[in-house]
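Peer 1: Dropping in final34.tsv, with TSV, C-alpha atoms.
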chain	number	residue	atom	x	y	z
A	52	MET	CA	-14.24	28.14	48.24
A	53	MET	CA	-13.98	28.02	52.02
A	54	ARG	CA	-16.02	24.81	52.14
A	55	LYS	CA	-13.73	23.13	49.61
A	56	HIS	CA	-10.69	24.22	51.62
A	57	THR	CA	-12.18	22.82	54.84
A	58	ARG	CA	-13.13	19.63	53.05
A	59	LEU	CA	-9.57	19.13	51.82
A	60	ILE	CA	-8.12	19.72	55.28
A	61	GLY	CA	-10.57	17.21	56.73
A	62	TRP	CA	-9.59	14.51	54.24
A	63	VAL	CA	-5.88	15.13	54.74
A	64	ALA	CA	-6.31	14.82	58.51
A	65	ALA	CA	-8.39	11.65	58.11
A	66	VAL	CA	-5.83	10.04	55.79
A	67	LEU	CA	-2.95	10.88	58.16
A	68	VAL	CA	-4.82	9.38	61.11
A	69	ILE	CA	-5.66	6.25	59.10
A	70	ILE	CA	-2.01	5.82	58.08
A	71	ALA	CA	-0.86	6.27	61.68
A	72	PHE	CA	-3.34	3.67	62.98
A	73	CYS	CA	-2.34	1.21	60.23
A	74	GLN	CA	1.34	1.65	61.05
A	75	LEU	CA	0.64	0.92	64.72
A	76	GLY	CA	-1.30	-2.17	63.69
A	77	ARG	CA	1.57	-3.35	61.48
A	78	TRP	CA	4.02	-2.81	64.34
A	79	GLN	CA	1.89	-4.94	66.65
A	80	LEU	CA	1.76	-7.70	64.02
A	81	GLN	CA	5.53	-7.51	63.64
A	82	ARG	CA	6.00	-7.88	67.40
A	83	MET	CA	3.58	-10.82	67.39
A	84	HIS	CA	5.57	-12.64	64.69
A	85	GLU	CA	8.92	-11.91	66.40
A	86	LYS	CA	7.75	-13.27	69.74
A	87	GLN	CA	6.04	-16.31	68.23
A	88	ALA	CA	9.22	-17.12	66.28
A	89	LEU	CA	11.19	-16.93	69.54
A	90	LEU	CA	8.78	-19.29	71.30
A	91	ASP	CA	8.89	-21.71	68.37
A	92	GLN	CA	12.67	-22.06	68.81
A	93	GLN	CA	12.50	-23.21	72.44
A	94	VAL	CA	11.77	-26.91	71.90
A	95	PRO	CA	14.33	-27.44	69.08
A	96	ALA	CA	16.94	-25.60	71.16
A	97	ARG	CA	16.70	-28.19	73.94
A	98	ALA	CA	17.38	-30.99	71.45
A	99	GLN	CA	21.03	-30.02	70.95
A	100	THR	CA	23.56	-29.12	73.65
A	101	LEU	CA	26.40	-26.77	72.73
A	102	THR	CA	29.33	-25.21	74.49
A	103	LEU	CA	29.03	-21.51	75.19
A	104	ALA	CA	31.42	-20.50	72.41
A	105	ARG	CA	29.60	-22.64	69.81
A	106	ALA	CA	26.20	-21.43	70.96
A	107	GLN	CA	27.22	-17.80	70.64
A	108	ALA	CA	28.52	-18.42	67.12
A	109	ALA	CA	25.46	-20.40	66.00
A	110	PRO	CA	22.56	-18.71	64.17
A	111	GLY	CA	19.28	-18.18	65.95
A	112	GLN	CA	18.45	-16.66	69.30
A	113	LEU	CA	17.93	-19.77	71.44
A	114	ARG	CA	20.53	-22.42	72.22
A	115	TRP	CA	20.90	-24.90	75.08
A	116	VAL	CA	24.32	-24.54	76.69
A	117	GLU	CA	26.35	-26.76	78.98
A	118	ASP	CA	29.89	-25.66	79.79
A	119	HIS	CA	32.55	-25.32	82.46
A	120	GLY	CA	34.35	-22.18	83.48
A	121	ARG	CA	34.67	-19.54	86.16
A	122	PHE	CA	32.40	-16.80	87.50
A	123	LEU	CA	33.96	-13.35	87.23
A	124	PRO	CA	33.67	-10.51	89.77
A	125	GLY	CA	30.94	-7.93	89.42
A	126	THR	CA	27.15	-8.17	89.68
A	127	LEU	CA	24.39	-6.55	87.66
A	128	LEU	CA	20.88	-6.05	89.08
A	129	LEU	CA	18.26	-5.53	86.37
A	130	ASP	CA	15.46	-3.37	87.74
A	131	ASN	CA	11.70	-3.51	87.07
A	132	GLN	CA	11.40	-7.29	86.79
A	133	THR	CA	8.15	-8.83	87.99
A	134	ARG	CA	7.48	-12.36	89.18
A	135	GLU	CA	4.03	-13.58	90.22
A	136	GLY	CA	2.84	-9.99	90.34
A	137	ARG	CA	5.64	-8.75	92.59
A	138	ALA	CA	8.24	-6.15	91.64
A	139	GLY	CA	11.89	-7.09	91.92
A	140	ILE	CA	15.27	-7.39	90.27
A	141	LYS	CA	17.14	-10.01	88.28
A	142	VAL	CA	20.68	-10.86	89.32
A	143	TYR	CA	23.35	-11.29	86.64
A	144	GLN	CA	27.00	-12.19	86.98
A	145	PRO	CA	29.61	-12.56	84.22
A	146	PHE	CA	30.95	-16.04	83.48
A	147	ARG	CA	33.92	-17.03	81.35
A	148	SER	CA	34.02	-20.55	79.94
A	149	ASP	CA	37.21	-22.58	79.70
A	150	GLY	CA	37.04	-21.86	75.98
A	151	GLY	CA	37.21	-18.10	76.61
A	152	ALA	CA	33.60	-17.15	75.84
A	153	VAL	CA	31.98	-14.63	78.21
A	154	VAL	CA	28.28	-14.30	79.03
A	155	LEU	CA	26.03	-12.75	81.65
A	156	VAL	CA	24.41	-15.54	83.66
A	157	ASP	CA	20.88	-15.00	84.95
A	158	LEU	CA	21.10	-16.21	88.56
A	159	GLY	CA	17.45	-15.52	89.32
A	160	TRP	CA	14.98	-13.04	90.76
A	161	LEU	CA	14.84	-11.23	94.11
A	162	PRO	CA	11.99	-9.06	95.44
A	163	MET	CA	12.50	-5.32	95.74
A	164	PRO	CA	11.20	-3.90	99.06
A	165	GLY	CA	8.93	-0.89	99.10
A	166	ASP	CA	11.73	1.44	100.20
A	167	ARG	CA	13.79	0.18	97.23
A	168	THR	CA	16.70	-0.86	99.43
A	169	LEU	CA	18.78	-3.23	97.34
A	170	PRO	CA	19.29	-6.65	98.92
A	171	ALA	CA	22.80	-7.75	99.82
A	172	ILE	CA	24.24	-9.90	97.07
A	173	VAL	CA	26.65	-12.79	97.64
A	174	PRO	CA	28.44	-13.24	94.31
A	175	ARG	CA	29.37	-16.63	92.94
A	176	GLU	CA	33.08	-17.38	93.02
A	177	GLY	CA	35.42	-19.92	91.54
A	178	THR	CA	34.88	-22.58	88.94
A	179	ALA	CA	31.46	-23.95	88.11
A	180	ARG	CA	29.58	-26.00	85.58
A	181	VAL	CA	26.65	-24.14	84.07
A	182	ALA	CA	23.70	-25.25	81.97
A	183	GLY	CA	20.83	-23.24	80.63
A	184	LEU	CA	19.18	-21.48	77.75
A	185	LEU	CA	21.11	-18.85	75.80
A	186	ALA	CA	18.37	-16.33	75.07
A	187	PRO	CA	17.61	-12.61	74.72
A	188	PRO	CA	17.53	-10.63	77.98
A	189	PRO	CA	14.20	-9.50	79.44
A	190	ALA	CA	12.53	-6.59	77.71
A	191	SER	CA	13.37	-3.18	79.16
A	192	GLY	CA	11.20	-0.09	79.23
A	193	LEU	CA	11.88	3.31	77.74
A	194	ALA	CA	15.56	4.22	77.54
A	195	LEU	CA	15.39	7.05	80.08
A	196	GLY	CA	18.36	8.11	82.17
A	197	PRO	CA	21.66	6.24	82.51
A	198	ALA	CA	21.64	2.53	81.79
A	199	LEU	CA	23.74	1.67	84.87
A	200	THR	CA	24.21	3.27	88.27
A	201	PRO	CA	26.58	1.99	90.99
A	202	ALA	CA	24.95	0.49	94.08
A	203	THR	CA	26.17	1.00	97.62
A	204	GLN	CA	27.60	-2.53	97.70
A	205	PRO	CA	31.01	-2.58	95.97
A	206	GLY	CA	31.05	-4.27	92.59
A	207	VAL	CA	27.26	-4.14	92.21
A	208	TRP	CA	25.44	-2.11	89.56
A	209	LEU	CA	21.73	-1.34	89.21
A	210	ALA	CA	20.57	-1.39	85.60
A	211	ASN	CA	17.38	-0.36	83.85
A	212	ARG	CA	18.70	-1.84	80.57
A	213	MET	CA	21.78	-3.84	79.59
A	214	PRO	CA	23.70	-2.45	76.60
A	215	PRO	CA	26.65	-4.87	76.20
A	216	ALA	CA	29.31	-2.17	75.73
A	217	GLU	CA	28.30	-0.25	78.87
A	218	VAL	CA	27.95	-3.44	80.91
A	219	SER	CA	31.42	-4.59	79.81
A	220	ALA	CA	32.94	-1.27	80.86
A	221	ALA	CA	31.17	-1.28	84.24
A	222	LEU	CA	32.21	-4.86	85.05
A	223	GLY	CA	35.78	-4.36	83.90
A	224	LEU	CA	35.50	-6.75	80.97
A	225	PRO	CA	37.37	-6.33	77.68
A	226	PRO	CA	35.47	-4.28	75.06
A	227	ASP	CA	33.17	-6.34	72.83
A	228	SER	CA	33.51	-9.37	75.10
A	229	LEU	CA	29.79	-9.50	75.90
A	230	ARG	CA	27.04	-10.40	73.44
A	231	SER	CA	23.43	-9.29	73.63
A	232	LEU	CA	22.23	-12.78	74.69
A	233	VAL	CA	22.29	-13.95	78.31
A	234	LEU	CA	22.40	-17.44	79.83
A	235	ARG	CA	19.14	-18.34	81.58
A	236	LEU	CA	20.49	-20.72	84.21
A	237	ASP	CA	18.68	-24.05	84.48
A	238	PRO	CA	16.27	-23.87	87.48
A	239	ALA	CA	17.20	-27.45	88.35
A	240	LEU	CA	20.77	-26.44	89.18
A	241	PRO	CA	21.56	-25.58	92.82
A	242	GLY	CA	22.37	-22.04	93.94
A	243	GLY	CA	21.14	-18.70	92.77
A	244	TYR	CA	17.66	-17.32	93.30
A	245	ALA	CA	14.10	-17.93	92.11
A	246	ARG	CA	14.21	-18.48	88.36
A	247	ASP	CA	12.55	-20.15	85.40
A	248	LEU	CA	13.00	-20.37	81.65
A	249	GLU	CA	10.07	-18.09	80.78
A	250	LEU	CA	11.04	-16.39	77.52
A	251	LEU	CA	8.65	-13.44	77.66
A	252	PRO	CA	8.73	-12.06	81.21
A	253	ASN	CA	7.44	-8.53	81.75
A	254	THR	CA	6.06	-8.37	78.24
A	255	LEU	CA	2.99	-9.22	76.18
A	256	PRO	CA	2.40	-12.67	74.64
A	257	PRO	CA	1.83	-12.92	70.87
A	258	SER	CA	-1.93	-13.19	71.29
A	259	ARG	CA	-2.10	-9.82	73.02
A	260	HIS	CA	-0.17	-8.18	70.19
A	261	LEU	CA	-2.65	-9.66	67.71
A	262	GLY	CA	-5.52	-8.23	69.75
A	263	TYR	CA	-3.96	-4.77	69.77
A	264	ALA	CA	-3.30	-4.98	66.03
A	265	VAL	CA	-6.96	-5.74	65.40
A	266	GLN	CA	-7.92	-2.74	67.53
A	267	TRP	CA	-5.62	-0.37	65.60
A	268	PHE	CA	-6.87	-1.60	62.23
A	269	GLY	CA	-10.42	-1.33	63.52
A	270	LEU	CA	-9.83	2.29	64.50
A	271	ALA	CA	-8.40	3.02	61.04
A	272	LEU	CA	-11.50	1.51	59.44
A	273	THR	CA	-13.75	3.52	61.75
A	274	VAL	CA	-12.06	6.78	60.76
A	275	LEU	CA	-12.47	5.89	57.08
A	276	ILE	CA	-16.17	5.08	57.53
A	277	VAL	CA	-16.80	8.33	59.44
A	278	ALA	CA	-14.99	10.33	56.74
A	279	LEU	CA	-17.05	8.68	53.99
A	280	ILE	CA	-20.29	9.33	55.86
A	281	LEU	CA	-19.41	13.01	56.30
A	282	GLU	CA	-18.49	13.24	52.61
A	283	TRP	CA	-21.78	11.63	51.61
A	284	ARG	CA	-23.71	14.08	53.76
A	285	ARG	CA	-21.90	17.03	52.20
A	286	ALA	CA	-22.61	15.72	48.69
A	287	ARG	CA	-26.37	15.26	49.27
A	288	PRO	CA	-28.43	17.93	47.59
A	289	PRO	CA	-30.30	20.16	50.05
A	290	ARG	CA	-33.96	19.40	50.53
Would you write out, as structure tokens, the structure that this file holds?

Peer 2:
Amino acid sequence: MMRKHTRLIGWVAAVLVIIAFCQLGRWQLQRMHEKQALLDQQVPARAQTLTLARAQAAPGQLRWVEDHGRFLPGTLLLDNQTREGRAGIKVYQPFRSDGGAVVLVDLGWLPMPGDRTLPAIVPREGTARVAGLLAPPPASGLALGPALTPATQPGVWLANRMPPAEVSAALGLPPDSLRSLVLRLDPALPGGYARDLELLPNTLPPSRHLGYAVQWFGLALTVLIVALILEWRRARPPR
């Protein structure tokens, strides 16, 4: 009776582990498809230029934008952003188009010194013509602690993630004025800091997600094989 009880517990544990590994594999495949779909949109997005308001209303995550408007006060520094292996921050400033649409503009990347002293930021002012890719913001890590903390420089906030409602409140913008997408400013335009149109900074490419998915499914198969071998050994008649 005890052996049957132990056997049942062993199979239940094995099945739970197999299900957990398969779920992790499915999640990695889902992330692979999401990121590949985002990359596949990049070339078609450059084929059509939209104003900011039309781009925000259009379906899809990637749109090429050209518009005129004014930079608004307030600066957001997104922490934990790497470039060429160096840690740093991304600089964002709100922009309102002449049509009334508001977006956070990615002005580029700055290195973060070892003592984590934030660099002095000179905000953009006045009217400007912007062009760039309307795209999702960079991936953030675990949602630990407050999303935004005020920096020593007035009007500047350090962020570890960018929830639109909290960013709007911090920058003094009307509620619901910001969307989740940001404007990746064209690197060919003057001003700003080091920047590019890389869609997957600080995160894994689709191929890496596929590799991890194969590993998780392989672990699930290994657990199943081990469980079957143990069951076969138990079922063998004693010599």

Peer 1: Give me, as a ChimeraX atom specification, all polymer residues having an atom no more than 9 Å from Trp208 in chain A, counting only C-alpha atoms and skipping those fewer than 5 positions away in the same chain.

Peer 2: /A:125-129,199-203,221-222

Peer 1: Measuring atom to atom with only C-alpha atoms, identify which of A:Ile280, A:Leu184, A:Leu161, A:Val142 is nearest to Leu209 in chain A.

Peer 2: A:Val142

Peer 1: Excluding Leu248 in chain A and residues on its chain fewer than 5 positions from it, collect all residues at most 9 Å away from it, counting all atoms listed in the file, and give them as a ChimeraX atom specification.

Peer 2: /A:183-184,235-238

Peer 1: When distances are computed from only C-alpha atoms, which of A:Met213, A:Ala271, A:Leu67, A:Leu261 shows the smallest separation from Leu80 in chain A?

Peer 2: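 Checking each candidate against Leu80 in chain A, we get A:Leu261 as the closest.
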
Peer 1: Tell me which of A:Asp157, A:Tyr244, A:Pro197, A:Asp227 sits closest to Val173 in chain A, counting only C-alpha atoms.

Peer 2: A:Tyr244

Peer 1: Applying 12 Å and all atoms listed in the file, which residues near range 262-269 of chain A remain after dropping the ones on its own chain fewer than 6 positions away? List them as a PDB file with C-alpha atoms, keeping the file's coordinate frame.

Peer 2:
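Everything below was put into result_22.pdb:
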ATOM      1  CA  VAL A  68      -4.820   9.380  61.110  1.00  0.00           C
ATOM      2  CA  ILE A  69      -5.660   6.250  59.100  1.00  0.00           C
ATOM      3  CA  ILE A  70      -2.010   5.820  58.080  1.00  0.00           C
ATOM      4  CA  ALA A  71      -0.860   6.270  61.680  1.00  0.00           C
ATOM      5  CA  PHE A  72      -3.340   3.670  62.980  1.00  0.00           C
ATOM      6  CA  CYS A  73      -2.340   1.210  60.230  1.00  0.00           C
ATOM      7  CA  GLN A  74       1.340   1.650  61.050  1.00  0.00           C
ATOM      8  CA  LEU A  75       0.640   0.920  64.720  1.00  0.00           C
ATOM      9  CA  GLY A  76      -1.300  -2.170  63.690  1.00  0.00           C
ATOM     10  CA  ARG A  77       1.570  -3.350  61.480  1.00  0.00           C
ATOM     11  CA  TRP A  78       4.020  -2.810  64.340  1.00  0.00           C
ATOM     12  CA  GLN A  79       1.890  -4.940  66.650  1.00  0.00           C
ATOM     13  CA  LEU A  80       1.760  -7.700  64.020  1.00  0.00           C
ATOM     14  CA  GLN A  81       5.530  -7.510  63.640  1.00  0.00           C
ATOM     15  CA  ARG A  82       6.000  -7.880  67.400  1.00  0.00           C
ATOM     16  CA  MET A  83       3.580 -10.820  67.390  1.00  0.00           C
ATOM     17  CA  HIS A  84       5.570 -12.640  64.690  1.00  0.00           C
ATOM     18  CA  LEU A 255       2.990  -9.220  76.180  1.00  0.00           C
ATOM     19  CA  PRO A 256       2.400 -12.670  74.640  1.00  0.00           C
ATOM     20  CA  LEU A 275     -12.470   5.890  57.080  1.00  0.00           C
ATOM     21  CA  ILE A 276     -16.170   5.080  57.530  1.00  0.00           C
TER      22      ILE A 276
END

Peer 1: Name all residues at most 10 Å from Arg180 in chain A (count all atoms listed in the file; drop same-chain ones fewer than 2 positions away) and give them as JSON, numbers by chain.

Peer 2: {"A": [117, 118, 119, 120, 121, 122, 148, 178, 182, 240]}

Peer 1: For Val154 in chain A, which of A:Leu234, A:Leu59, A:Val218, A:Ala64 is the closest residue, counting all atoms listed in the file?

Peer 2: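 The shortest atom-to-atom distance to Val154 in chain A comes from A:Leu234.
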
Peer 1: May I have the centre and edge lengths, in Å to one decimal, of an axis-aligned box around the listed atoms of range 282-286 of chain A with 8 Å added to every side, as AutoDock Vina command-line options?

Peer 2:
--center_x -21.1 --center_y 14.3 --center_z 51.2 --size_x 21.2 --size_y 21.4 --size_z 21.1

Peer 1: Taking only C-alpha atoms into account, produce a table as CSV in which each residue of range 147-192 of chain A with an atom at most 7 Å from an atom of range 133-139 of chain A appears once, together with its shortest atom pair and the distance in Å to one decimal, ordered by chain and rising number.

Peer 2:
residue,atom,partner,partner_atom,distance
A:Trp160,CA,A:Gly139,CA,6.8
A:Leu161,CA,A:Gly139,CA,5.5
A:Pro162,CA,A:Gly139,CA,4.0
A:Met163,CA,A:Gly139,CA,4.3

Peer 1: Just give me the gap between CA of Glu249 in chain A and CA of Thr100 in chain A in Å, one decimal is fine.

Peer 2: 18.8 Å

Peer 1: So the first atom is CA of Pro145 in chain A and the second is CA of Arg246 in chain A; what is the distance between them in Å, to one decimal place?

Peer 2: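 Rounded to one decimal, the two atoms are 17.0 Å apart.
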
Peer 1: Record the distance separating CA of Val153 in chain A and CA of Leu169 in chain A, expressed in Å with one decimal.

Peer 2: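 Rounded to one decimal, the two atoms are 25.9 Å apart.
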
Peer 1: In terms of the shortest atom-to-atom distance over only C-alpha atoms, which of A:Leu158, A:Ala88, A:Ala65, A:Ile60 is closest to Pro257 in chain A?

Peer 2: A:Ala88
